[in-house]
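Here the structure comes first, spelled out in C-alpha cells, and everything after it is commentary.
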Amino acid sequence: MPENKARAQRNYLAGVAVANDMLRRGLISEADFSALETVFAGKYQPLFRYEKPCLSPTLLITQTDEGRAKNE
C-alpha cells in the first residue's frame, strides 16, 4: 500500500476512534457519529469503512468497493 494511502487509512481510523469514544461518553449522538464518519470517509477514502456505531470494544469494519477492486 502506498504511504499516502496508508496515512489516509490511519487518519480515518483515528478519527472514527475519537468519534466512537465521544459516542461512548455520551458527548455525541449516533446521528452525530454517523455524520462524522461520513465526513472522514469522504476526506480520507479508506479501504475499509465502519458501517454503524458499535459500542463493543472491537469495532466492526467492512471493505469498501475501492478496496475490493484493489484486492481482487
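Chain labels run A, B, ... following the order of the C-alpha cells; each chain numbers its residues from 1, and ligands are numbered from 1 in the order shown.
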
I want to know what sits within 12 Å of A:Ala6, based on only C-alpha atoms, with residues of the same chain fewer than 3 positions away left out; could you give that as a list in words?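 Answer for this query is Met1, Pro2, Glu3, Gln9, Arg10, Asn11, Tyr12, Leu13, Tyr44, Gln45, Pro46, Leu47 and Phe48 of chain A.
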
Would you output that residue set with C-alpha atoms, as a PDB file, in the first residue's frame?
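This went into result-v2.pdb:
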ATOM      1  CA  MET A   1       0.000   0.000   0.000  1.00  0.00           C
ATOM      2  CA  PRO A   2       1.417   3.404  -0.902  1.00  0.00           C
ATOM      3  CA  GLU A   3       2.484   5.522   2.070  1.00  0.00           C
ATOM      4  CA  GLN A   9      -6.309   4.955   6.359  1.00  0.00           C
ATOM      5  CA  ARG A  10      -4.666   5.682   9.743  1.00  0.00           C
ATOM      6  CA  ASN A  11      -6.182   9.177   9.829  1.00  0.00           C
ATOM      7  CA  TYR A  12      -9.634   7.760   9.065  1.00  0.00           C
ATOM      8  CA  LEU A  13      -9.315   5.116  11.771  1.00  0.00           C
ATOM      9  CA  TYR A  44      -9.699  10.032   3.586  1.00  0.00           C
ATOM     10  CA  GLN A  45     -11.335   7.496   1.187  1.00  0.00           C
ATOM     11  CA  PRO A  46     -10.447   4.454   3.338  1.00  0.00           C
ATOM     12  CA  LEU A  47     -10.162   0.900   2.033  1.00  0.00           C
ATOM     13  CA  PHE A  48     -12.274  -0.262   4.981  1.00  0.00           C
TER      14      PHE A  48
END

Tell me, in Å to one decimal, how far atom CA of A:Phe33 is from atom CA of A:Ala19. 6.0 Å
